[in-house]
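What follows is a set of notes on a single structure, which appears directly below.
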Amino acid sequence: FCYGSSQYNSLQKLVNQEKDKLNIPGLSLSILLPNQSSAITFTAGTRSIANKTPLDSNSLFQVGSVTKTFTALLLAREINNKHITVSDK
């Protein structure tokens with residue numbers, strides 16, 4: 001799979017638009033393509049409203065309790081795909 005600059009530019013534009021639409025200081029999106037060993041990362045905006053430092057692919061975000069939602073979603077998916085059951089220990 002070859003990822004061309006026109007597709008990259010289109011996705012970067014979409015990330016910029018979503019940041020503005022959500023009225024947030026910054027946004028980062030990473031996509032891992034099939035059979036690829038590294039992700040493509042798109043960033044828009046700043047790390048902080050106060051200092052205007054731009055986001056980059058190494059910027060860190062606090063996720064807080066959102067990880068509980070991710071865990072529940074992944075468990076539900078595995079149950080749905082019959083990889084595990086509710087009674088598994």
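Here, A, B, ... name the chains of the structure tokens in the order displayed, residue numbers run from 1 inside each chain, and ligands are numbered from 1 in the same displayed order.
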Sel. of alpha helix (DSSP H) residues, chain A, as a ChimeraX atom specification: /A:5-22,66-80
Distance query Leu55 of chain A at most 12 Å, only C-alpha atoms, self and fewer than 2 positions along chain excluded, as a list in words: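 Near neighbours after the sequence-gap exclusion: Asn16, Pro25, Gly26, Leu27, Ser28, Leu29, Thr41, Phe42, Thr43, Ala44, Gly45, Thr46, Arg47, Ser48, Ile49, Asn51, Lys52, Thr53, Ser57, Asn58, Ser59, Leu60 and Phe61 of chain A.
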Prev. selection, N, CA and C atoms, output as a PDB file, in the first residue's frame:
```
ATOM      1  N   ASN A  16      -7.209  19.353  10.581  1.00  0.00           N
ATOM      2  CA  ASN A  16      -7.265  20.797  10.866  1.00  0.00           C
ATOM      3  C   ASN A  16      -8.714  21.279  10.978  1.00  0.00           C
ATOM      4  N   PRO A  25      -7.791  23.336  21.378  1.00  0.00           N
ATOM      5  CA  PRO A  25      -6.470  23.879  21.051  1.00  0.00           C
ATOM      6  C   PRO A  25      -5.614  22.959  20.191  1.00  0.00           C
ATOM      7  N   GLY A  26      -5.796  21.638  20.333  1.00  0.00           N
ATOM      8  CA  GLY A  26      -4.958  20.730  19.570  1.00  0.00           C
ATOM      9  C   GLY A  26      -5.593  19.370  19.371  1.00  0.00           C
ATOM     10  N   LEU A  27      -5.121  18.672  18.341  1.00  0.00           N
ATOM     11  CA  LEU A  27      -5.661  17.366  17.983  1.00  0.00           C
ATOM     12  C   LEU A  27      -4.549  16.557  17.332  1.00  0.00           C
ATOM     13  N   SER A  28      -4.489  15.279  17.678  1.00  0.00           N
ATOM     14  CA  SER A  28      -3.531  14.373  17.061  1.00  0.00           C
ATOM     15  C   SER A  28      -4.255  13.096  16.672  1.00  0.00           C
ATOM     16  N   LEU A  29      -3.958  12.584  15.484  1.00  0.00           N
ATOM     17  CA  LEU A  29      -4.574  11.367  14.980  1.00  0.00           C
ATOM     18  C   LEU A  29      -3.476  10.498  14.386  1.00  0.00           C
ATOM     19  N   THR A  41       1.050   9.858  11.528  1.00  0.00           N
ATOM     20  CA  THR A  41       0.473  10.750  12.526  1.00  0.00           C
ATOM     21  C   THR A  41       0.186  12.113  11.923  1.00  0.00           C
ATOM     22  N   PHE A  42      -0.996  12.622  12.232  1.00  0.00           N
ATOM     23  CA  PHE A  42      -1.433  13.953  11.802  1.00  0.00           C
ATOM     24  C   PHE A  42      -1.667  14.778  13.062  1.00  0.00           C
ATOM     25  N   THR A  43      -1.170  16.005  13.085  1.00  0.00           N
ATOM     26  CA  THR A  43      -1.389  16.885  14.230  1.00  0.00           C
ATOM     27  C   THR A  43      -1.874  18.241  13.752  1.00  0.00           C
ATOM     28  N   ALA A  44      -2.594  18.914  14.637  1.00  0.00           N
ATOM     29  CA  ALA A  44      -3.068  20.266  14.344  1.00  0.00           C
ATOM     30  C   ALA A  44      -3.159  21.026  15.659  1.00  0.00           C
ATOM     31  N   GLY A  45      -2.790  22.268  15.644  1.00  0.00           N
ATOM     32  CA  GLY A  45      -2.957  23.106  16.814  1.00  0.00           C
ATOM     33  C   GLY A  45      -1.760  23.119  17.743  1.00  0.00           C
ATOM     34  N   THR A  46      -2.039  23.470  18.994  1.00  0.00           N
ATOM     35  CA  THR A  46      -0.988  23.691  19.977  1.00  0.00           C
ATOM     36  C   THR A  46      -1.139  22.775  21.190  1.00  0.00           C
ATOM     37  N   ARG A  47      -0.012  22.574  21.890  1.00  0.00           N
ATOM     38  CA  ARG A  47      -0.016  21.791  23.132  1.00  0.00           C
ATOM     39  C   ARG A  47      -0.698  22.562  24.250  1.00  0.00           C
ATOM     40  N   SER A  48      -0.582  23.862  24.207  1.00  0.00           N
ATOM     41  CA  SER A  48      -1.092  24.713  25.280  1.00  0.00           C
ATOM     42  C   SER A  48      -1.616  26.019  24.696  1.00  0.00           C
ATOM     43  N   ILE A  49      -2.722  26.468  25.216  1.00  0.00           N
ATOM     44  CA  ILE A  49      -3.257  27.764  24.786  1.00  0.00           C
ATOM     45  C   ILE A  49      -2.312  28.879  25.215  1.00  0.00           C
ATOM     46  N   ASN A  51       1.150  28.932  25.832  1.00  0.00           N
ATOM     47  CA  ASN A  51       2.460  29.155  25.215  1.00  0.00           C
ATOM     48  C   ASN A  51       2.505  28.914  23.706  1.00  0.00           C
ATOM     49  N   LYS A  52       1.404  28.451  23.120  1.00  0.00           N
ATOM     50  CA  LYS A  52       1.283  28.271  21.661  1.00  0.00           C
ATOM     51  C   LYS A  52       2.332  27.327  21.061  1.00  0.00           C
ATOM     52  N   THR A  53       2.896  26.413  21.870  1.00  0.00           N
ATOM     53  CA  THR A  53       3.830  25.426  21.338  1.00  0.00           C
ATOM     54  C   THR A  53       3.059  24.464  20.446  1.00  0.00           C
ATOM     55  N   SER A  57       4.285  14.831  16.539  1.00  0.00           N
ATOM     56  CA  SER A  57       4.003  13.401  16.694  1.00  0.00           C
ATOM     57  C   SER A  57       4.494  12.839  18.026  1.00  0.00           C
ATOM     58  N   ASN A  58       5.290  13.591  18.774  1.00  0.00           N
ATOM     59  CA  ASN A  58       5.770  13.148  20.083  1.00  0.00           C
ATOM     60  C   ASN A  58       5.006  13.776  21.242  1.00  0.00           C
ATOM     61  N   SER A  59       3.998  14.582  20.961  1.00  0.00           N
ATOM     62  CA  SER A  59       3.214  15.224  22.021  1.00  0.00           C
ATOM     63  C   SER A  59       2.427  14.182  22.802  1.00  0.00           C
ATOM     64  N   LEU A  60       2.354  14.369  24.109  1.00  0.00           N
ATOM     65  CA  LEU A  60       1.636  13.450  24.990  1.00  0.00           C
ATOM     66  C   LEU A  60       0.312  14.070  25.432  1.00  0.00           C
ATOM     67  N   PHE A  61      -0.697  13.222  25.614  1.00  0.00           N
ATOM     68  CA  PHE A  61      -2.005  13.652  26.067  1.00  0.00           C
ATOM     69  C   PHE A  61      -2.379  12.859  27.306  1.00  0.00           C
TER      70      PHE A  61
END
```
Separation of atom CA of Asp88 of chain A from atom CA of Ala76 of chain A in Å: 13.0 Å
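Atom to atom, atom CA of Asn9 of chain A and atom CA of Pro34 of chain A stand 19.9 Å apart.
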